[in-house]
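Pasted below: data-v3.pdb, PDB, C-alpha atoms, pLDDT in the B column.
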```
ATOM      1  CA  MET A   1     -15.896 139.208 -30.729  1.00 77.00           C
ATOM      2  CA  LEU A   2     -18.286 141.679 -29.130  1.00 78.00           C
ATOM      3  CA  GLU A   3     -19.653 142.762 -32.505  1.00 82.00           C
ATOM      4  CA  LEU A   4     -20.241 139.117 -33.421  1.00 88.00           C
ATOM      5  CA  VAL A   5     -22.247 138.558 -30.221  1.00 85.00           C
ATOM      6  CA  ARG A   6     -24.214 141.773 -30.760  1.00 85.00           C
ATOM      7  CA  GLY A   7     -24.993 140.760 -34.339  1.00 90.00           C
ATOM      8  CA  MET A   8     -26.080 137.285 -33.263  1.00 90.00           C
ATOM      9  CA  LEU A   9     -28.388 138.671 -30.579  1.00 90.00           C
ATOM     10  CA  GLU A  10     -29.852 141.173 -33.029  1.00 89.00           C
ATOM     11  CA  PHE A  11     -30.520 138.368 -35.516  1.00 91.00           C
ATOM     12  CA  ILE A  12     -32.224 136.241 -32.849  1.00 89.00           C
ATOM     13  CA  GLY A  13     -34.238 139.192 -31.561  1.00 88.00           C
ATOM     14  CA  GLU A  14     -35.615 139.983 -35.003  1.00 89.00           C
ATOM     15  CA  PHE A  15     -35.936 136.458 -36.434  1.00 89.00           C
ATOM     16  CA  GLU A  16     -39.317 135.484 -37.794  1.00 89.00           C
ATOM     17  CA  GLY A  17     -40.221 132.198 -39.384  1.00 87.00           C
ATOM     18  CA  ASP A  18     -39.671 128.531 -38.752  1.00 86.00           C
ATOM     19  CA  ILE A  19     -36.700 127.473 -36.662  1.00 84.00           C
ATOM     20  CA  PRO A  20     -34.537 125.135 -38.758  1.00 83.00           C
ATOM     21  CA  GLY A  21     -34.541 121.623 -37.310  1.00 82.00           C
ATOM     22  CA  ALA A  22     -37.381 122.304 -34.851  1.00 85.00           C
ATOM     23  CA  SER A  23     -39.372 119.190 -35.634  1.00 84.00           C
ATOM     24  CA  ALA A  24     -39.586 115.782 -34.019  1.00 85.00           C
ATOM     25  CA  SER A  25     -38.007 114.133 -37.069  1.00 87.00           C
ATOM     26  CA  ASP A  26     -35.034 116.544 -37.047  1.00 87.00           C
ATOM     27  CA  CYS A  27     -34.270 116.966 -33.347  1.00 85.00           C
ATOM     28  CA  GLY A  28     -35.004 115.038 -30.177  1.00 84.00           C
ATOM     29  CA  ASN A  29     -35.148 118.318 -28.237  1.00 81.00           C
ATOM     30  CA  HIS A  30     -37.540 120.065 -30.626  1.00 79.00           C
ATOM     31  CA  LEU A  31     -39.961 120.926 -27.806  1.00 78.00           C
ATOM     32  CA  ASP A  32     -37.270 123.124 -26.220  1.00 82.00           C
ATOM     33  CA  MET A  33     -37.130 125.423 -29.264  1.00 84.00           C
ATOM     34  CA  ASP A  34     -39.267 128.413 -28.287  1.00 86.00           C
ATOM     35  CA  LEU A  35     -38.734 131.319 -30.681  1.00 88.00           C
ATOM     36  CA  ALA A  36     -40.742 133.836 -28.639  1.00 89.00           C
ATOM     37  CA  ALA A  37     -38.702 133.088 -25.508  1.00 90.00           C
ATOM     38  CA  ALA A  38     -35.399 133.182 -27.423  1.00 89.00           C
ATOM     39  CA  ARG A  39     -36.293 136.547 -28.943  1.00 90.00           C
ATOM     40  CA  GLU A  40     -37.201 138.016 -25.554  1.00 91.00           C
ATOM     41  CA  ILE A  41     -34.034 136.730 -23.875  1.00 90.00           C
ATOM     42  CA  ALA A  42     -31.856 138.053 -26.714  1.00 90.00           C
ATOM     43  CA  LYS A  43     -33.469 141.491 -26.508  1.00 89.00           C
ATOM     44  CA  ARG A  44     -33.047 141.655 -22.723  1.00 88.00           C
ATOM     45  CA  TYR A  45     -29.416 140.504 -22.911  1.00 86.00           C
ATOM     46  CA  ARG A  46     -28.605 143.151 -25.509  1.00 84.00           C
ATOM     47  CA  ALA A  47     -30.322 145.896 -23.521  1.00 84.00           C
ATOM     48  CA  GLU A  48     -29.163 145.024 -20.001  1.00 78.00           C
ATOM     49  CA  LEU A  49     -25.911 143.094 -20.098  1.00 72.00           C
ATOM     50  CA  LEU A  50     -23.907 144.228 -23.108  1.00 70.00           C
ATOM     51  CA  PRO A  51     -23.806 148.026 -22.685  1.00 69.00           C
ATOM     52  CA  GLY A  52     -21.069 149.186 -20.344  1.00 68.00           C
ATOM     53  CA  ARG A  53     -19.607 145.722 -19.838  1.00 64.00           C
ATOM     54  CA  THR A  54     -16.630 146.219 -22.088  1.00 66.00           C
ATOM     55  CA  ALA A  55     -14.250 148.235 -19.887  1.00 69.00           C
ATOM     56  CA  TYR A  56     -11.731 146.032 -18.126  1.00 70.00           C
ATOM     57  CA  PRO A  57      -9.049 147.088 -15.618  1.00 73.00           C
ATOM     58  CA  LEU A  58      -5.476 146.776 -16.823  1.00 73.00           C
TER      59      LEU A  58
END
```

Written as structure tokens, how would this file's structure read?
Amino acid sequence: MLELVRGMLEFIGEFEGDIPGASASDCGNHLDMDLAAAREIAKRYRAELLPGRTAYPL
């Protein structure tokens, strides 16, 4: 599961182009789709929250 999340965040952090469905005719919340903000949040999450958070007490 962790590798899936890491891969998803990497994809978001590097995505360039149009966001699918980010138009008024496709989605009522299209104004909430901010690629620059999503990329920044994904990069910060990968850098700050994922490393070292995978050791759990038994």

Worksheet entry | Contacts of Leu35 (chain A) within 9 Å, all atoms listed in the file, excl. fewer than 5 positions in-chain, as a list of chain:residue names |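 The neighbour list is A:Ile12, A:Phe15, A:Glu16, A:Gly17, A:Asp18, A:Ile19, A:Glu40.
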
Practice prompt. Fewer than 4 positions away in the same chain doesn't count, so skip those; otherwise give me all residues within 9 Å of Glu10 (chain A), counting only C-alpha atoms, as number ranges by chain.
Written response: A: 5-6, 14-15, 39, 42-43, 46

Practice prompt. Provide the CA of Glu3 (chain A) to CA of Leu50 (chain A) distance in Å, to one decimal place.
Written response: 10.4 Å

Worksheet item: Expressed in Å to a single decimal, how great is the separation between CA of Tyr45 (chain A) and CA of Ser23 (chain A)?
Response: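 Result for CA of Tyr45 (chain A) versus CA of Ser23 (chain A): 26.7 Å, one decimal.
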
Item to complete: Using CA of Leu2 (chain A) and CA of Ala36 (chain A) as the two end points, give the distance in Å to one decimal.
Response: 23.8 Å

Discussion item. If we count only C-alpha atoms and set the cut-off at 8 Å, which residues sit around Ala22 (chain A), ignoring sequence neighbours fewer than 6 positions away in its own chain? Please answer as a ChimeraX atom specification.
Written reply: /A:30-31,33

Discussion item. Could you check the closest approach to Ala37 (chain A) for each of A:Gly7, A:Gly13, A:Gly21, A:Met1 and tell me which residue wins, using only C-alpha atoms?
Written reply: A:Gly13
